[in-house]
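Below: the structure, in structure tokens.
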4 protein chains.
Amino acid sequence: MRRPNPPPVGTAHHTTRIEALTDGVFAIVMTLMVFDIRVPQAPPEQLWSELVNLWPSFLAYAISFVQLGIYWIGHRNQYNFISKEDHTIRWITLLFLALVAFIPFSTQLISNYPTHRVALLVYGINLIVIGLVLYWHWHYATSERRLVDPNLSPAVVYIGVRRCLMAPAAYAVACLTSLSPLPIILELYALIPLLYLFPGIVERLWPVPARLLDKEANAQQE
Amino acid sequence: MRRPNPPPVGTAHHTTRIEALTDGVFAIVMTLMVFDIRVPQAPPEQLWSELVNLWPSFLAYAISFVQLGIYWIGHRNQYNFISKEDHTIRWITLLFLALVAFIPFSTQLISNYPTHRVALLVYGINLIVIGLVLYWHWHYATSERRLVDPNLSPAVVYIGVRRCLMAPAAYAVACLTSLSPLPIILELYALIPLLYLFPGIVERLWPVPARLLDKEANAQQE
Amino acid sequence: MRRPNPPPVGTAHHTTRIEALTDGVFAIVMTLMVFDIRVPQAPPEQLWSELVNLWPSFLAYAISFVQLGIYWIGHRNQYNFISKEDHTIRWITLLFLALVAFIPFSTQLISNYPTHRVALLVYGINLIVIGLVLYWHWHYATSERRLVDPNLSPAVVYIGVRRCLMAPAAYAVACLTSLSPLPIILELYALIPLLYLFPGIVERLWPVPARLLDKEANAQQE
Amino acid sequence: MRRPNPPPVGTAHHTTRIEALTDGVFAIVMTLMVFDIRVPQAPPEQLWSELVNLWPSFLAYAISFVQLGIYWIGHRNQYNFISKEDHTIRWITLLFLALVAFIPFSTQLISNYPTHRVALLVYGINLIVIGLVLYWHWHYATSERRLVDPNLSPAVVYIGVRRCLMAPAAYAVACLTSLSPLPIILELYALIPLLYLFPGIVERLWPVPARLLDKEANAQQE
């Protein structure tokens with residue numbers, strides 16, 4: 001006689017807690033990055049120039065904040081469609097958060113060594129890996145429609161994939177550039193977020209395949 | 001044949017996550033500001049006088065905390081009416097949070113240099129910009145009733161605008177004062193929150209135009 | 001003709017955000033207190049004794065954590081009954097949180113100066129004022145049943161008052177003791193939480209007046 | 001005449017706040033651990049080797065993060081079944097959180113003294129006690145089905161117990177090893193999480209007793 005499976009202890013039909021933990025980690029990381037920027041202990045007449053000298057810190061903070069915003073929105077958007085959580089998705093999210101929690105470290109690295117190749121690579125790789133994990137998260141949840149609505153349209157899945165892979169691809173280019181002798185990498189890092197702030201650009205550069213959209217249209221007509 | 005738009009990935013009909021992120025950032029910023037005040041490492045017989053010497057830090061903390069409270073309540077009140085979120089409102093909120101996360105930095109600046117013009121200006125500008133972004137947030141959400149109830153009364157919109165612009169206006173005055181030789185700016189910073197703690201004052205100084213209220217009354221009579 | 005009031009912008013019929021902000025501040029304060037305890041930088045053979053020397057920090061942390069727990073539960077319990085929020089209750093909560101955010105500071109003070117009268121007084125007064133603000137919070141919400149169910153039983157209100165005032169009363173005694181030459185105050189601080197951990201003690205020492213309970217019983221019989 | 005009990009002030013039929021506080025503390029602890037890893041202040045040509053020298057910190061961070069993930073998921077899973085909260089469960093959770101908040105301290109201890117017996121023991125005991133408190137939490141909630149569905153299956157209770165006790169048992173072994181002269185303890189700490197990442201291993205090593213599953217099956221057939 002076959003013994004029945006024990007009831008599943010781990011799966012749940014709401015995702016409140018995983019989202020709350022994510023929001024908490026992002027809120028703290030966003031705030032701690034500024035906390036790393038120390039107020040200069042200078043004689044009053046030099047305060048202004050000391051503040052101006054902090055510009056690499058302010059720039060690095062701004063870039064990282066925008067990047068965190070992109071990833072937070074990315075994770076948040078996935079949960080517009082993910083309606084269940086299981087053991088695996090939780091651990092993927094925890095891996096994602098562990099890497100996000102590293103951003104203050106790598107941000108401080110590039111703000112202390114703004115032209116150092118090692119610092120730029122560590123920062124770039126940190127961002128690339130976060131993007132790849134976010135892609136894995138989406139792939140796991142949508143393949144076989146595991147944790148999403150079984151009728152989720154392929155076009156939505158495709159757009160989600162594009163969103164996740166766009167940043168790692170762009171950062172990989174920026175990282176490669178940092179191996180060249182050209183001193184333009186920080187500028188590249190600063191440009192990448194534009195792709196996300198103005199999603200129209202992406203839609204033109206990397207459109208959703210017509211095939212998927214036609215399927216969508218047919219489904220709507222039936 | 002016209003191809004249909006891909007389904008919107010970004011819009012959502014609840015605003016839980018954006019509110020949770022905001023609450024998280026505010027909670028951390030409010031707490032970290034005190035964390036910046038270090039316990040004096042003094043011989044026991046000087047402990048009391050050392051604590052008393054910390055008063056600029058305590059005052060700066062109190063002013064900033066009240067100011068954060070004003071902005072938190074302001075953002076929170078807007079979400080009494082905003083019922084949807086889209087790509088743009090998320091980025092406006094993220095910009096808002098990035099500036100809020102700077103408050104511990106500028107607070108420490110004025111508590112270290114309580115009479116220094118640069119410190120006072122940085123602090124004032126930080127607060128002004130936060131207020132303007134909060135105004136932009138409200139304007140974006142309510143113009144064409146984009147993310148709010150289509151029947152939202154114009155008087156409510158007006159009150160929201162007043163609430164957002166009041167603080168930047170007052171801080172701009174305080175900043176201008178700091179360019180004069182009068183040493184009264186910190187006192188001004190301390191007075192501004194009274195406008196928010198006792199909203200009756202504002203209603204008397206800057207009433208809602210009768211025109212808008214009459215429209216309201218007519219709408220209620222019909 | 002009388003002009004109608006503008007619609008109330010500030011009142012809301014749910015208290016999610018005020019509770020989320022409170023939970024956030026408490027979570028951070030609880031965690032930051034330990035963060036203040038630095039790992040000793042000692043040669044390996046002295047590590048154990050250096051850790052043992054940290055005991056005033058560990059004790060102060062434990063006492064403060066329990067105290068924070070008492071106040072968090074107190075605030076949380078009030079929101080079992082409070083179902084609306086208005087302008088005033090938000091500012092009372094913000095004042096409450098500003099004082100809670102001071103606990104890491106005053107905890108570090110007593111852990112650095114565990115026998116110093118000033119440190120003990122600052123810590124005690126911090127705790128007393130938090131308790132009084134929590135009482136004000138409850139009083140404001142329940143008087144005239146302002147933000148609670150209009151039929152809330154007087155016995156519940158009474159129990160809430162007792163809960164809020166118990167701690168300040170006990171800490172006031174502890175503070176007075178610290179003015180005497182007896183070195184027992186830290187022990188007193190450590191004993192007070194027992195009143196909250198074992199609520200049976202309180203019910204015996206300070207029972208709810210029979211009058212209120214009888215009214216309750218009559219109401220239930222009808 | 002017997003006087004009726006005062007209405008229960010403390011019990012509540014939702015557990016939102018206790019879960020929010022837990023998520024907050026975990027989010028902060030996870031993030032603060034990385035914050036403890038300081039960017040090296042080295043001359044540029046030594047940056048890479050200085051970063052490599054930080055490996056004990058990175059390893060300790062990774063192990064602790066996974067461990068925190070295990071405990072967070074453990075607590076979260078219990079609340080799949082716990083639907084009420086009372087005075088006692090709140091204090092058990094607060095004790096749990098107080099110990100969780102200690103993890104950055106003990107993590108920094110082993111990352112500063114990666115081969116020191118005292119550091120390894122403190123870290124191990126911290127983790128063991130957290131696991132035992134989590135077990136107590138589950139035991140309290142499920143015994144006499146106090147805070148869970150009265151029909152909760154015994155197999156689910158059993159699986160929860162196994163989940164809570166597995167980690168303390170494994171860490172106890174690791175601690176005992178640290179008393180031996182073999183230098184393998186950090187490796188053991190790193191291996192333990194595998195039990196949780198791949199729950200299939202556990203099901204094979206420590207199956208749910210057939211008796212409980214049969215009862216389950218019978219119940220399903222009726």
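Each chain in the structure tokens gets a letter, A, B and so on, in the order shown; residues start at 1 in every chain, and ligands are counted from 1 in the order they appear.
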Could I get the residues of chain A with an atom no further than 6 Å from an atom of chain D, each paired with its nearest atom pair and that distance in Å to one decimal, using only C-alpha atoms, sorted by chain and residue number, as JSON lines?
{"residue": "A:Leu21", "atom": "CA", "partner": "D:Asp23", "partner_atom": "CA", "distance": 5.2}
{"residue": "A:Gly24", "atom": "CA", "partner": "D:Ala27", "partner_atom": "CA", "distance": 5.3}
{"residue": "A:Val25", "atom": "CA", "partner": "D:Ala27", "partner_atom": "CA", "distance": 4.8}
{"residue": "A:Ala101", "atom": "CA", "partner": "D:Thr31", "partner_atom": "CA", "distance": 5.2}
Residues of the last selection are to be written out with N, CA, C and O atoms, as a PDB file, in the first residue's frame.
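out-v9.pdb, freshly written:
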ATOM      1  N   LEU A  21       9.613  41.213   3.757  1.00  0.00           N
ATOM      2  CA  LEU A  21      11.049  41.089   4.009  1.00  0.00           C
ATOM      3  C   LEU A  21      11.839  41.832   2.940  1.00  0.00           C
ATOM      4  O   LEU A  21      12.798  42.561   3.234  1.00  0.00           O
ATOM      5  N   GLY A  24      11.661  45.519   3.461  1.00  0.00           N
ATOM      6  CA  GLY A  24      12.501  45.897   4.595  1.00  0.00           C
ATOM      7  C   GLY A  24      13.967  45.979   4.199  1.00  0.00           C
ATOM      8  O   GLY A  24      14.636  46.977   4.492  1.00  0.00           O
ATOM      9  N   VAL A  25      14.457  44.948   3.529  1.00  0.00           N
ATOM     10  CA  VAL A  25      15.876  44.947   3.157  1.00  0.00           C
ATOM     11  C   VAL A  25      16.176  46.115   2.232  1.00  0.00           C
ATOM     12  O   VAL A  25      17.166  46.837   2.416  1.00  0.00           O
ATOM     13  N   ALA A 101      21.975  43.256  -0.222  1.00  0.00           N
ATOM     14  CA  ALA A 101      22.571  43.782   1.008  1.00  0.00           C
ATOM     15  C   ALA A 101      24.059  44.074   0.836  1.00  0.00           C
ATOM     16  O   ALA A 101      24.655  44.762   1.662  1.00  0.00           O
TER      17      ALA A 101
END
- Message: With only C-alpha atoms as the counted atoms, please give the residues lying no more than 6 Å from segment 104-120 of chain A, apart from itself and same-chain residues fewer than 6 positions off, as a PyMOL selection string.
- Response: chain A and resi 33+56-57+60
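Reported to one decimal place, the separation of atom CA of Ile82 of chain B from atom CA of Val148 of chain B is 4.7 Å.
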- Item | Backbone DSSP call of alpha helix (DSSP H) for segment 8-178 of chain D, listed as an NGL selection string | :D and (16-35 or 47-53 or 55-78 or 87-100 or 103-112 or 117-142 or 154-178)
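Distance-wise, atom CA of Leu132 of chain A and atom CA of Cys164 of chain A end up 7.0 Å apart.
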- Query: Quick one, how far is atom CA of Ile125 of chain D from atom CA of Leu59 of chain C?
  - Reply: 17.9 Å
